[in-house]
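Visitor: For reference, this is model_4.txt, and it has compact mmCIF, C-alpha atoms.
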```txt
# COMPACT_ATOMS: atom_id res chain seq x y z
CA MET K 1 75.27 -111.61 -28.23
CA SER K 2 71.89 -113.13 -29.00
CA ALA K 3 71.01 -116.53 -27.58
CA GLY K 4 72.06 -119.49 -29.65
CA LYS K 5 74.49 -117.53 -31.80
CA PRO K 6 77.85 -119.29 -31.77
CA ALA K 7 80.80 -117.33 -30.45
CA LEU K 8 82.99 -115.77 -33.10
CA LEU K 9 86.58 -116.88 -33.50
CA GLY K 10 89.04 -114.23 -32.35
CA GLN K 11 90.56 -112.05 -35.07
CA THR K 12 94.27 -112.59 -35.57
CA PRO K 13 96.10 -109.45 -34.42
CA SER K 14 98.14 -107.32 -36.78
CA GLN K 15 101.91 -106.88 -36.55
CA THR K 16 104.20 -104.46 -38.31
CA VAL K 17 105.41 -105.30 -41.81
CA GLY K 18 108.91 -104.55 -40.45
CA PRO K 19 111.96 -103.27 -42.33
CA TYR K 20 112.60 -106.38 -44.42
CA PHE K 21 109.42 -106.91 -46.44
CA ALA K 22 110.94 -105.92 -49.78
CA TYR K 23 112.27 -109.28 -51.00
CA GLY K 24 109.02 -110.99 -50.08
CA LEU K 25 106.38 -108.46 -51.14
CA THR K 26 108.07 -106.16 -53.70
CA PRO K 27 110.99 -108.28 -54.91
CA GLN K 28 111.21 -107.14 -58.53
CA GLN K 29 111.11 -103.46 -57.64
CA TYR K 30 114.02 -103.97 -55.21
CA GLY K 31 116.03 -106.18 -57.57
CA TYR K 32 115.60 -109.58 -55.90
CA ALA K 33 115.41 -112.73 -58.00
CA PHE K 34 111.76 -113.47 -57.23
CA SER K 35 108.74 -112.43 -59.23
CA SER K 36 106.30 -109.85 -57.85
CA ILE K 37 102.56 -110.46 -57.71
CA ALA K 38 101.98 -106.74 -58.32
CA GLY K 39 103.98 -103.59 -58.86
CA SER K 40 103.81 -99.93 -59.77
CA THR K 41 102.63 -100.46 -63.29
CA MET K 42 98.91 -101.07 -62.92
CA ALA K 43 97.86 -100.12 -66.45
CA GLU K 44 99.35 -101.18 -69.77
CA ALA K 45 99.34 -98.89 -72.78
CA SER K 46 96.31 -100.77 -74.07
CA THR K 47 94.25 -100.28 -70.89
CA PRO K 48 91.21 -98.11 -71.68
CA GLY K 49 90.91 -94.87 -69.77
CA ILE K 50 92.81 -91.75 -68.89
CA HIS K 51 96.33 -92.78 -68.04
CA ILE K 52 97.73 -91.11 -64.97
CA ARG K 53 100.68 -91.33 -62.63
CA ILE K 54 100.19 -91.00 -58.89
CA GLU K 55 103.29 -90.26 -56.87
CA GLY K 56 104.07 -89.12 -53.40
CA ARG K 57 105.99 -89.63 -50.24
CA VAL K 58 105.21 -90.83 -46.76
CA PHE K 59 106.23 -88.46 -43.96
CA ASP K 60 106.75 -89.31 -40.31
CA GLY K 61 105.94 -87.07 -37.36
CA ARG K 62 109.22 -85.20 -37.74
CA GLY K 63 108.55 -84.47 -41.39
CA ASP K 64 111.16 -86.92 -42.65
CA ALA K 65 110.32 -89.01 -45.70
CA VAL K 66 109.95 -92.68 -44.79
CA ASN K 67 112.12 -94.93 -46.97
CA ASP K 68 110.76 -98.28 -45.81
CA ALA K 69 107.02 -97.93 -46.30
CA MET K 70 104.87 -99.98 -48.66
CA ILE K 71 101.79 -98.61 -50.34
CA GLU K 72 99.04 -100.68 -51.93
CA LEU K 73 96.32 -99.31 -54.19
CA TRP K 74 93.02 -100.98 -55.06
CA GLN K 75 90.77 -99.27 -57.55
CA ALA K 76 88.05 -99.60 -60.14
CA ASP K 77 88.74 -99.40 -63.85
CA SER K 78 87.91 -96.37 -65.96
CA ASN K 79 84.27 -97.45 -66.12
CA GLY K 80 83.95 -97.74 -62.36
CA HIS K 81 84.14 -101.53 -62.25
CA TYR K 82 86.40 -103.45 -59.91
CA ALA K 83 88.24 -106.39 -61.42
CA ARG K 84 85.77 -108.99 -60.15
CA ASP K 85 82.69 -107.06 -61.29
CA HIS K 86 80.59 -108.08 -64.19
CA GLY K 87 81.58 -105.75 -66.99
CA ALA K 88 85.04 -105.08 -65.65
CA ASN K 89 87.86 -104.51 -68.06
CA SER K 90 89.72 -107.80 -67.82
CA LEU K 91 93.01 -106.17 -68.79
CA PHE K 92 93.00 -104.11 -65.65
CA ARG K 93 93.51 -105.81 -62.30
CA GLY K 94 93.27 -102.63 -60.27
CA PHE K 95 95.84 -103.60 -57.67
CA GLY K 96 99.26 -102.01 -57.25
CA ARG K 97 102.06 -102.21 -54.77
CA CYS K 98 105.13 -100.01 -54.36
CA GLY K 99 107.79 -99.61 -51.68
CA THR K 100 109.43 -96.27 -50.92
CA GLY K 101 112.94 -97.70 -50.70
CA THR K 102 114.15 -97.59 -54.28
CA HIS K 103 113.64 -93.92 -55.19
CA ALA K 104 116.30 -91.37 -54.24
CA GLU K 105 113.65 -89.15 -52.63
CA SER K 106 111.73 -92.08 -51.08
CA LYS K 107 108.83 -91.64 -53.49
CA PHE K 108 106.21 -94.21 -54.33
CA TRP K 109 104.64 -94.07 -57.78
CA PHE K 110 101.89 -95.82 -59.70
CA ASP K 111 101.10 -95.77 -63.39
CA THR K 112 97.40 -96.43 -63.64
CA VAL K 113 94.16 -95.12 -65.09
CA LYS K 114 91.83 -92.67 -63.47
CA PRO K 115 89.06 -94.71 -61.84
CA GLY K 116 85.48 -94.25 -62.94
CA VAL K 117 82.58 -93.64 -60.61
CA THR K 118 81.71 -96.84 -58.71
CA GLY K 119 78.25 -95.89 -57.49
CA GLN K 120 75.93 -93.21 -56.31
CA ARG K 121 77.45 -90.67 -53.96
CA GLN K 122 80.95 -91.90 -54.80
CA ALA K 123 83.47 -89.60 -56.41
CA PRO K 124 86.33 -91.21 -58.35
CA HIS K 125 88.71 -92.58 -55.72
CA ILE K 126 91.40 -95.14 -55.03
CA ASN K 127 91.62 -97.24 -51.86
CA VAL K 128 95.00 -97.03 -50.15
CA THR K 129 96.74 -99.28 -47.64
CA VAL K 130 99.85 -97.98 -45.87
CA MET K 131 102.36 -100.23 -44.10
CA MET K 132 105.78 -99.66 -42.60
CA ARG K 133 108.17 -100.52 -39.84
CA GLY K 134 106.83 -98.88 -36.68
CA LEU K 135 103.23 -99.17 -37.81
CA LEU K 136 101.73 -102.08 -35.92
CA LEU K 137 98.48 -102.04 -37.85
CA HIS K 138 98.26 -100.88 -41.47
CA SER K 139 96.36 -97.67 -42.21
CA PHE K 140 93.49 -97.39 -44.71
CA SER K 141 93.07 -94.15 -46.65
CA ARG K 142 91.56 -92.96 -49.92
CA ILE K 143 92.85 -90.90 -52.81
CA TYR K 144 90.44 -88.39 -54.36
CA PHE K 145 91.30 -86.02 -57.18
CA ASP K 146 91.50 -82.25 -56.87
CA ASP K 147 90.10 -81.80 -60.38
CA GLU K 148 86.87 -83.61 -59.45
CA SER K 149 85.52 -80.98 -57.09
CA SER K 150 81.88 -81.27 -58.16
CA ALA K 151 81.90 -85.05 -57.67
CA ASN K 152 83.87 -84.75 -54.43
CA VAL K 153 81.18 -82.67 -52.72
CA THR K 154 78.65 -85.45 -53.27
CA ASP K 155 80.88 -88.24 -51.98
CA GLU K 156 79.46 -90.07 -48.98
CA VAL K 157 82.84 -90.93 -47.51
CA LEU K 158 84.38 -87.50 -47.90
CA SER K 159 81.30 -86.03 -46.30
CA CYS K 160 82.06 -88.04 -43.12
CA VAL K 161 85.44 -86.33 -42.91
CA PRO K 162 85.72 -83.00 -41.06
CA GLU K 163 85.89 -80.30 -43.68
CA ASP K 164 89.24 -78.96 -42.55
CA ARG K 165 90.87 -82.39 -43.10
CA ARG K 166 89.38 -83.34 -46.48
CA HIS K 167 92.28 -81.80 -48.37
CA THR K 168 94.56 -84.50 -46.96
CA LEU K 169 92.75 -86.99 -49.21
CA LEU K 170 93.12 -84.97 -52.42
CA ALA K 171 95.72 -85.89 -54.99
CA ARG K 172 96.90 -82.62 -56.53
CA ARG K 173 97.35 -82.42 -60.24
CA VAL K 174 100.92 -81.20 -60.67
CA ALA K 175 101.40 -81.80 -64.39
CA ASP K 176 99.46 -83.23 -67.26
CA GLY K 177 98.43 -86.70 -66.11
CA VAL K 178 100.49 -86.54 -62.92
CA TYR K 179 99.00 -86.34 -59.44
CA ARG K 180 100.79 -85.83 -56.18
CA PHE K 181 99.51 -87.60 -53.06
CA ASP K 182 101.65 -87.30 -49.95
CA ILE K 183 100.83 -89.26 -46.82
CA HIS K 184 101.49 -87.65 -43.45
CA MET K 185 101.40 -90.10 -40.57
CA GLN K 186 101.26 -87.35 -37.96
CA GLY K 187 101.24 -83.58 -37.49
CA ASP K 188 99.03 -80.72 -38.67
CA GLN K 189 98.62 -82.31 -42.07
CA GLU K 190 98.01 -85.84 -40.76
CA THR K 191 96.29 -87.79 -43.51
CA VAL K 192 92.79 -89.01 -42.79
CA PHE K 193 92.77 -92.74 -42.06
CA PHE K 194 89.59 -94.76 -41.93
CA ASP K 195 88.21 -97.39 -39.64
CA LEU K 196 86.83 -99.51 -42.40
CA MET X 197 81.03 -105.32 -55.53
CA THR X 198 78.17 -106.15 -53.28
CA GLY X 199 78.56 -108.55 -50.46
CA SER X 200 77.98 -108.75 -46.82
CA PRO X 201 79.39 -105.98 -44.64
CA LEU X 202 82.06 -107.20 -42.23
CA ASN X 203 82.05 -107.31 -38.49
CA PRO X 204 84.07 -104.37 -37.23
CA ARG X 205 87.74 -104.74 -36.54
CA ASP X 206 88.13 -106.01 -32.98
CA TRP X 207 90.19 -103.15 -31.62
CA SER X 208 90.51 -104.89 -28.25
CA SER X 209 92.69 -107.52 -29.98
CA GLN X 210 94.92 -105.08 -31.82
CA PRO X 211 98.12 -103.31 -30.82
CA ALA X 212 97.96 -99.56 -30.19
CA TYR X 213 99.43 -97.35 -32.91
CA ILE X 214 101.78 -95.61 -30.48
CA ASP X 215 103.58 -97.91 -28.09
CA SER X 216 106.38 -96.41 -25.96
CA ALA X 217 108.13 -99.79 -25.72
CA TYR X 218 108.46 -100.03 -29.52
CA ARG X 219 110.35 -96.88 -30.32
CA SER X 220 109.66 -96.58 -34.05
CA THR X 221 105.94 -96.18 -33.41
CA ALA X 222 106.44 -92.74 -31.82
CA LEU X 223 106.78 -90.87 -35.12
CA ARG X 224 104.92 -93.29 -37.39
CA GLY X 225 101.66 -94.25 -35.75
CA PRO X 226 98.67 -92.02 -36.56
CA THR X 227 97.70 -89.79 -33.64
CA ARG X 228 94.20 -88.69 -34.64
CA SER X 229 91.09 -90.78 -34.33
CA LEU X 230 90.31 -92.90 -37.34
CA ILE X 231 87.27 -91.74 -39.28
CA PRO X 232 84.56 -94.39 -39.12
CA ALA X 233 83.46 -95.43 -42.59
CA LYS X 234 79.91 -96.59 -43.25
CA PRO X 235 79.56 -100.34 -42.52
CA ALA X 236 78.39 -100.92 -46.09
CA LEU X 237 81.80 -99.88 -47.37
CA SER X 238 83.42 -102.85 -45.64
CA ALA X 239 81.60 -105.05 -48.16
CA LEU X 240 84.01 -103.96 -50.91
CA ALA X 241 85.62 -107.08 -52.34
CA GLY X 242 89.39 -107.18 -52.52
CA PRO X 243 91.86 -108.13 -55.22
CA VAL X 244 92.01 -111.72 -56.43
CA PHE X 245 95.29 -113.44 -57.23
CA GLY X 246 95.38 -116.48 -59.43
CA HIS X 247 97.69 -119.47 -59.55
CA ASP X 248 99.19 -118.06 -62.73
CA LEU X 249 101.11 -115.59 -60.53
CA LEU X 250 102.82 -118.33 -58.57
CA GLY X 251 105.95 -120.22 -59.43
CA GLU X 252 106.18 -123.95 -58.92
CA LEU X 253 108.49 -123.67 -55.89
CA ASP X 254 106.92 -120.59 -54.31
CA SER X 255 105.65 -122.48 -51.26
CA ASN X 256 108.80 -124.52 -50.80
CA LEU X 257 111.43 -122.27 -49.25
CA THR X 258 113.84 -125.18 -48.90
CA LEU X 259 114.07 -125.27 -52.70
CA ASN X 260 113.15 -121.84 -54.05
CA GLY X 261 116.52 -120.32 -53.13
CA ARG X 262 118.56 -123.44 -53.59
CA LYS X 263 121.74 -123.00 -55.67
CA ASP X 264 123.93 -126.03 -55.20
CA ASN X 265 123.02 -127.47 -51.83
CA ASP X 266 120.24 -127.70 -49.28
CA PRO X 267 119.77 -124.67 -47.03
CA LEU X 268 121.17 -125.00 -43.53
CA GLY X 269 118.93 -125.30 -40.52
CA GLU X 270 115.95 -127.19 -39.24
CA ARG X 271 113.36 -128.04 -41.91
CA ILE X 272 109.81 -127.27 -40.80
CA ILE X 273 106.34 -127.52 -42.23
CA VAL X 274 104.09 -124.52 -41.54
CA THR X 275 100.46 -125.08 -42.37
CA GLY X 276 97.03 -123.96 -41.29
CA ARG X 277 93.73 -122.63 -42.41
CA VAL X 278 92.60 -119.11 -43.18
CA LEU X 279 89.16 -118.69 -41.65
CA ASP X 280 86.71 -115.92 -41.08
CA GLU X 281 85.36 -115.19 -37.62
CA ASN X 282 82.35 -117.38 -38.30
CA GLY X 283 84.71 -120.32 -38.76
CA ARG X 284 84.24 -120.47 -42.52
CA PRO X 285 87.34 -121.31 -44.53
CA LEU X 286 88.56 -118.71 -47.03
CA PRO X 287 89.62 -120.54 -50.18
CA GLY X 288 91.58 -118.93 -52.99
CA THR X 289 93.29 -116.25 -50.96
CA LEU X 290 96.93 -115.31 -51.31
CA VAL X 291 99.29 -115.95 -48.39
CA GLU X 292 102.75 -114.39 -48.63
CA ILE X 293 105.57 -115.03 -46.14
CA TRP X 294 109.10 -113.80 -45.56
CA GLN X 295 111.59 -114.67 -42.86
CA ALA X 296 115.20 -114.73 -41.68
CA ASN X 297 117.41 -117.75 -42.34
CA SER X 298 118.40 -120.23 -39.65
CA ALA X 299 121.18 -117.91 -38.46
CA GLY X 300 118.79 -115.01 -37.98
CA ARG X 301 119.85 -113.10 -41.08
CA TYR X 302 117.51 -111.69 -43.73
CA ILE X 303 118.60 -111.58 -47.33
CA HIS X 304 117.34 -107.97 -47.39
CA LYS X 305 120.15 -105.58 -48.34
CA VAL X 306 119.44 -103.39 -45.30
CA ASP X 307 120.01 -106.21 -42.82
CA GLN X 308 123.62 -105.97 -41.67
CA HIS X 309 123.42 -108.33 -38.71
CA ALA X 310 126.75 -110.15 -38.46
CA ALA X 311 125.32 -113.59 -39.05
CA PRO X 312 125.92 -115.52 -42.25
CA LEU X 313 123.69 -115.41 -45.29
CA ASP X 314 122.86 -118.83 -46.62
CA PRO X 315 123.55 -118.98 -50.36
CA ASN X 316 120.88 -121.67 -50.65
CA PHE X 317 118.10 -119.85 -48.80
CA PHE X 318 116.03 -116.90 -50.02
CA GLY X 319 113.34 -116.65 -47.33
CA GLY X 320 110.32 -115.47 -49.34
CA GLY X 321 107.37 -117.60 -50.36
CA ARG X 322 103.67 -117.61 -51.09
CA CYS X 323 100.73 -119.81 -51.86
CA ILE X 324 97.00 -119.65 -52.43
CA THR X 325 94.66 -121.36 -49.99
CA ASP X 326 92.88 -124.49 -51.22
CA GLY X 327 89.15 -125.23 -51.12
CA GLU X 328 89.30 -125.69 -47.35
CA GLY X 329 91.20 -122.47 -46.78
CA ARG X 330 94.40 -124.40 -46.18
CA TYR X 331 97.93 -123.24 -46.94
CA ARG X 332 101.18 -125.14 -46.51
CA PHE X 333 104.81 -124.05 -46.60
CA LEU X 334 107.97 -126.08 -46.31
CA THR X 335 110.76 -123.92 -44.92
CA ILE X 336 113.66 -123.60 -42.48
CA LYS X 337 113.10 -122.51 -38.90
CA PRO X 338 114.14 -118.85 -38.72
CA GLY X 339 116.72 -117.77 -36.16
CA ALA X 340 116.42 -115.00 -33.59
CA TYR X 341 118.25 -111.75 -34.33
CA PRO X 342 119.17 -108.56 -32.52
CA TRP X 343 117.60 -105.19 -33.27
CA GLY X 344 118.23 -101.68 -32.09
CA ASN X 345 115.06 -100.98 -30.16
CA HIS X 346 116.67 -101.22 -26.71
CA VAL X 347 119.75 -102.65 -25.03
CA ASN X 348 120.20 -106.35 -25.82
CA ALA X 349 116.98 -106.48 -27.84
CA TRP X 350 116.32 -109.71 -29.76
CA ARG X 351 113.37 -110.58 -31.95
CA PRO X 352 111.89 -113.98 -31.21
CA ASN X 353 111.87 -116.52 -34.05
CA HIS X 354 109.08 -115.48 -36.39
CA ILE X 355 107.73 -115.68 -39.90
CA HIS X 356 106.03 -112.63 -41.44
CA PHE X 357 102.62 -113.31 -42.98
CA SER X 358 100.65 -111.14 -45.42
CA LEU X 359 97.03 -112.03 -46.26
CA PHE X 360 94.18 -110.54 -48.22
CA GLY X 361 90.99 -112.47 -47.51
CA HIS X 362 88.03 -111.79 -49.76
CA HIS X 363 87.45 -108.15 -48.85
CA PHE X 364 89.57 -105.06 -49.15
CA ALA X 365 89.10 -104.53 -45.41
CA THR X 366 90.25 -108.03 -44.43
CA ARG X 367 93.86 -107.21 -45.30
CA LEU X 368 96.18 -108.50 -42.60
CA VAL X 369 99.92 -108.42 -42.06
CA THR X 370 101.06 -110.30 -39.01
CA GLN X 371 103.86 -112.45 -37.63
CA MET X 372 103.80 -116.10 -36.66
CA TYR X 373 105.76 -117.03 -33.56
CA PHE X 374 106.90 -120.38 -32.21
CA PRO X 375 105.60 -121.99 -29.01
CA GLY X 376 107.75 -121.78 -25.90
CA ASP X 377 110.09 -119.09 -27.20
CA PRO X 378 111.59 -117.32 -24.15
CA LEU X 379 112.05 -114.11 -26.16
CA LEU X 380 108.31 -113.63 -26.63
CA LEU X 381 107.79 -112.04 -23.24
CA LEU X 382 110.67 -109.64 -23.88
CA ASP X 383 109.57 -108.53 -27.35
CA PRO X 384 107.77 -105.17 -27.57
CA ILE X 385 106.23 -106.03 -30.94
CA PHE X 386 104.63 -109.22 -29.60
CA LEU X 387 103.77 -107.56 -26.28
CA GLY X 388 102.15 -104.63 -28.10
CA VAL X 389 99.16 -106.90 -28.68
CA PRO X 390 96.75 -107.17 -25.72
CA GLU X 391 97.48 -110.25 -23.65
CA LYS X 392 94.22 -112.05 -24.38
CA SER X 393 94.95 -112.24 -28.11
CA ARG X 394 98.73 -112.76 -28.19
CA ASN X 395 98.47 -116.53 -28.36
CA ARG X 396 96.59 -116.19 -31.67
CA MET X 397 99.98 -115.33 -33.20
CA VAL X 398 101.74 -118.40 -31.79
CA ALA X 399 101.77 -121.56 -33.86
CA THR X 400 101.25 -124.93 -32.22
CA PHE X 401 103.53 -127.89 -32.71
CA SER X 402 101.73 -130.77 -34.37
CA ILE X 403 102.96 -134.34 -34.46
CA ASP X 404 100.27 -135.04 -37.07
CA GLU X 405 101.75 -132.47 -39.46
CA THR X 406 105.28 -133.62 -38.64
CA GLN X 407 106.72 -135.71 -41.44
CA GLU X 408 108.60 -138.71 -40.18
CA GLY X 409 112.33 -138.48 -40.64
CA TYR X 410 112.05 -135.17 -42.43
CA ALA X 411 110.52 -132.07 -40.79
CA LEU X 412 108.62 -130.87 -37.72
CA GLY X 413 105.11 -129.59 -38.32
CA PHE X 414 103.60 -126.37 -36.99
CA VAL X 415 99.98 -125.30 -37.34
CA PHE X 416 99.04 -121.64 -37.57
CA ASP X 417 95.39 -120.84 -38.26
CA ILE X 418 94.61 -117.25 -39.18
CA VAL X 419 91.26 -115.60 -38.53
CA LEU X 420 90.17 -112.63 -40.63
CA ARG X 421 87.16 -110.42 -40.10
CA GLY X 422 83.96 -112.17 -41.11
CA ALA X 423 80.64 -111.22 -42.58
CA ASN X 424 78.25 -109.60 -40.20
CA GLU X 425 75.37 -111.99 -40.65
CA THR X 426 72.96 -109.91 -38.61
CA LEU X 427 73.52 -106.90 -40.83
CA TRP X 428 73.28 -109.05 -43.94
CA GLU X 429 69.89 -110.43 -42.94
CA THR X 430 68.45 -106.95 -42.57
CA HIS X 431 69.94 -105.75 -45.88
CA ARG X 432 68.73 -108.63 -47.99
```
I need this file expressed as structure tokens, please.
Guide:
Amino acid sequence: MSAGKPALLGQTPSQTVGPYFAYGLTPQQYGYAFSSIAGSTMAEASTPGIHIRIEGRVFDGRGDAVNDAMIELWQADSNGHYARDHGANSLFRGFGRCGTGTHAESKFWFDTVKPGVTGQRQAPHINVTVMMRGLLLHSFSRIYFDDESSANVTDEVLSCVPEDRRHTLLARRVADGVYRFDIHMQGDQETVFFDL
Amino acid sequence: MTGSPLNPRDWSSQPAYIDSAYRSTALRGPTRSLIPAKPALSALAGPVFGHDLLGELDSNLTLNGRKDNDPLGERIIVTGRVLDENGRPLPGTLVEIWQANSAGRYIHKVDQHAAPLDPNFFGGGRCITDGEGRYRFLTIKPGAYPWGNHVNAWRPNHIHFSLFGHHFATRLVTQMYFPGDPLLLLDPIFLGVPEKSRNRMVATFSIDETQEGYALGFVFDIVLRGANETLWETHR
């Protein structure tokens, strides 16, 4: 530390979101009588852009789907602007939240628009935060799109990722407008998580 | 979305992903090294939540689940400031909380602990910090409850906190504990945090915040990652 620079305050440590977050963080999705500040529907019909659904599951180290995880997405609009940017589409907030506890197969899903390019050396992507019981500190990841291969090779974040693990960040197009993005916490297919 | 890159996460203050004392981490914590992202990426601003999203009683948990009577238990005031590491307050940031009732029972459908639900208590709340980074909740002191991690395992009294800060990378989910709780030193989730930083999760009792004849006051300040001012100078 340089002389005269005041000491920093200590960062508050993280703790697990635990098994009982649903009524506080995703109440409407789970049927509690409390409004949600965000949900799975990120784009309305009137939101400009290519409308897509992103769905997937979270798998633990045994390959079992986790039914008490919460996923948050944070993304730019179809023009590559985040909600606070000048020029952003004010109809699109870009933030979504979904728990895996209400779908029979423990899926999460988001109805959104495909993000535009946010800057040089950035392929279209969505920022992801993963939380669950048993995860003491949330994990940051990124969703890229498997139909953006020419943009993906120029992306400065993907290029930091060992080549043999990049596929874990690709959402696969499984139907028209539907992308599959599974998150593997451990194992051979362990999703890439970032120290951001 | 330009701003100042953040100081790195202080890993020496954080729990490990895999902790043998907290069983559920074994299959859920990532095992591979995190991939370092470029410092500039930490400058990405995060989502903003406005007051329009909040209901009138969202920060008053003694009223927001009230049906026909007051909730049972000890009324408490929980307040504090959200700061960055440089000591600057973070105004306008969303703080969400959820907790058990005074008997140690969550309203969550999965919680089957044989303690009574309180028909007048919901247990979820939220507010947005004011111009000085301050938040304030009125609630009921949560009870301790058993969990299946090990024989005779009990969670200390705690309130779950979820915060955003001004950056995507300042996201924080943590738990606020109460001073002097004998269960703290038996709790693998609390003990998973390195000793030097555990007390940052423990509120302090405050007679100044205590409201005479009504409710005890507890202060819990929360520190999120702050702008790296050295880096910012060189990037300007």
Visitor: Nearest to X:Asp254 among X:Leu286, X:Leu334, X:Leu240, X:Leu279, with distances taken over all atoms listed in the file: which residue is it?
Guide: X:Leu334
Visitor: Out of K:Gln15, K:Trp109, K:Gly101, K:Val178, which residue has the shortest atom-to-atom distance to K:Gly31 when counting all atoms listed in the file?
Guide: K:Gly101
Visitor: Just how far from atom CA of K:Tyr179 is atom CA of K:Arg57, in Å to one decimal?
Guide: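 Atom CA of K:Tyr179 lies at a distance of 12.0 Å from atom CA of K:Arg57.
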Visitor: For each of K:Leu170, K:Ser159, K:Asp60, K:Glu55, take the minimum atom-to-atom distance to chain X, counting all atoms listed in the file, then give the residue where this is smallest.
Guide: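 Nearest to chain X: K:Asp60.
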Visitor: If I put a ball of radius 12 Å at (97.0, -94.2, -69.0) in the file's coordinates, which residues poke into it when counting all atoms listed in the file, written as a list in words?
Guide: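 Final list of nearby residues, as requested, is Thr41, Met42, Ala43, Glu44, Ala45, Ser46, Thr47, Pro48, Gly49, Ile50, His51, Ile52, Arg53, Ile54, Asp77, Ser78, Phe92, Phe110, Asp111, Thr112, Val113, Lys114, Pro115, Asp176, Gly177 and Val178 of chain K.
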Visitor: Filtering to C-alpha atoms, could you give me those residues as an mmCIF file, keeping the file's coordinate frame?
Guide:
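To be explicit, this is the file written out as selection-v9.cif:
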```cif
data_model
loop_
_atom_site.group_PDB
_atom_site.id
_atom_site.type_symbol
_atom_site.label_atom_id
_atom_site.label_comp_id
_atom_site.auth_asym_id
_atom_site.auth_seq_id
_atom_site.Cartn_x
_atom_site.Cartn_y
_atom_site.Cartn_z
ATOM 1 C CA THR K 41 102.630 -100.460 -63.290
ATOM 2 C CA MET K 42 98.910 -101.070 -62.920
ATOM 3 C CA ALA K 43 97.860 -100.120 -66.450
ATOM 4 C CA GLU K 44 99.350 -101.180 -69.770
ATOM 5 C CA ALA K 45 99.340 -98.890 -72.780
ATOM 6 C CA SER K 46 96.310 -100.770 -74.070
ATOM 7 C CA THR K 47 94.250 -100.280 -70.890
ATOM 8 C CA PRO K 48 91.210 -98.110 -71.680
ATOM 9 C CA GLY K 49 90.910 -94.870 -69.770
ATOM 10 C CA ILE K 50 92.810 -91.750 -68.890
ATOM 11 C CA HIS K 51 96.330 -92.780 -68.040
ATOM 12 C CA ILE K 52 97.730 -91.110 -64.970
ATOM 13 C CA ARG K 53 100.680 -91.330 -62.630
ATOM 14 C CA ILE K 54 100.190 -91.000 -58.890
ATOM 15 C CA ASP K 77 88.740 -99.400 -63.850
ATOM 16 C CA SER K 78 87.910 -96.370 -65.960
ATOM 17 C CA PHE K 92 93.000 -104.110 -65.650
ATOM 18 C CA PHE K 110 101.890 -95.820 -59.700
ATOM 19 C CA ASP K 111 101.100 -95.770 -63.390
ATOM 20 C CA THR K 112 97.400 -96.430 -63.640
ATOM 21 C CA VAL K 113 94.160 -95.120 -65.090
ATOM 22 C CA LYS K 114 91.830 -92.670 -63.470
ATOM 23 C CA PRO K 115 89.060 -94.710 -61.840
ATOM 24 C CA ASP K 176 99.460 -83.230 -67.260
ATOM 25 C CA GLY K 177 98.430 -86.700 -66.110
ATOM 26 C CA VAL K 178 100.490 -86.540 -62.920
#
```
Visitor: Kindly indicate which residue among X:Asn260, X:Thr325, X:Gln371, X:Thr335 lies nearest to chain K, using all atoms listed in the file for the distances.
Guide: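 Going through X:Asn260, X:Thr325, X:Gln371, X:Thr335 one by one, the smallest distance to chain K is for X:Gln371.
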Visitor: May I have the centre and edge lengths, in Å to one decimal, of an axis-aligned box around the listed atoms of stretch 178-189 of chain K with 5 Å added to every side, as JSON?
Guide:
```
{"center_x": 100.1, "center_y": -85.4, "center_z": -50.2, "size_x": 13.0, "size_y": 19.4, "size_z": 35.4}
```
Visitor: Which residues are near stretch 350-356 of chain X? Cut-off 9 Å, all atoms listed in the file, ignore same chain within fewer than 2 positions. Put them as a JSON list (two decimals) with C-alpha atoms, in the frame of the given file.
Guide:
```json
[["chain", "number", "residue", "atom", "x", "y", "z"],
["K", 15, "GLN", "CA", 101.91, -106.88, -36.55],
["K", 16, "THR", "CA", 104.20, -104.46, -38.31],
["K", 17, "VAL", "CA", 105.41, -105.30, -41.81],
["K", 18, "GLY", "CA", 108.91, -104.55, -40.45],
["K", 21, "PHE", "CA", 109.42, -106.91, -46.44],
["X", 292, "GLU", "CA", 102.75, -114.39, -48.63],
["X", 293, "ILE", "CA", 105.57, -115.03, -46.14],
["X", 294, "TRP", "CA", 109.10, -113.80, -45.56],
["X", 295, "GLN", "CA", 111.59, -114.67, -42.86],
["X", 296, "ALA", "CA", 115.20, -114.73, -41.68],
["X", 300, "GLY", "CA", 118.79, -115.01, -37.98],
["X", 337, "LYS", "CA", 113.10, -122.51, -38.90],
["X", 338, "PRO", "CA", 114.14, -118.85, -38.72],
["X", 339, "GLY", "CA", 116.72, -117.77, -36.16],
["X", 340, "ALA", "CA", 116.42, -115.00, -33.59],
["X", 341, "TYR", "CA", 118.25, -111.75, -34.33],
["X", 342, "PRO", "CA", 119.17, -108.56, -32.52],
["X", 343, "TRP", "CA", 117.60, -105.19, -33.27],
["X", 344, "GLY", "CA", 118.23, -101.68, -32.09],
["X", 345, "ASN", "CA", 115.06, -100.98, -30.16],
["X", 348, "ASN", "CA", 120.20, -106.35, -25.82],
["X", 358, "SER", "CA", 100.65, -111.14, -45.42],
["X", 369, "VAL", "CA", 99.92, -108.42, -42.06],
["X", 370, "THR", "CA", 101.06, -110.30, -39.01],
["X", 371, "GLN", "CA", 103.86, -112.45, -37.63],
["X", 372, "MET", "CA", 103.80, -116.10, -36.66],
["X", 373, "TYR", "CA", 105.76, -117.03, -33.56],
["X", 374, "PHE", "CA", 106.90, -120.38, -32.21],
["X", 377, "ASP", "CA", 110.09, -119.09, -27.20],
["X", 378, "PRO", "CA", 111.59, -117.32, -24.15],
["X", 379, "LEU", "CA", 112.05, -114.11, -26.16],
["X", 380, "LEU", "CA", 108.31, -113.63, -26.63],
["X", 382, "LEU", "CA", 110.67, -109.64, -23.88],
["X", 383, "ASP", "CA", 109.57, -108.53, -27.35],
["X", 384, "PRO", "CA", 107.77, -105.17, -27.57],
["X", 385, "ILE", "CA", 106.23, -106.03, -30.94],
["X", 386, "PHE", "CA", 104.63, -109.22, -29.60]]
```
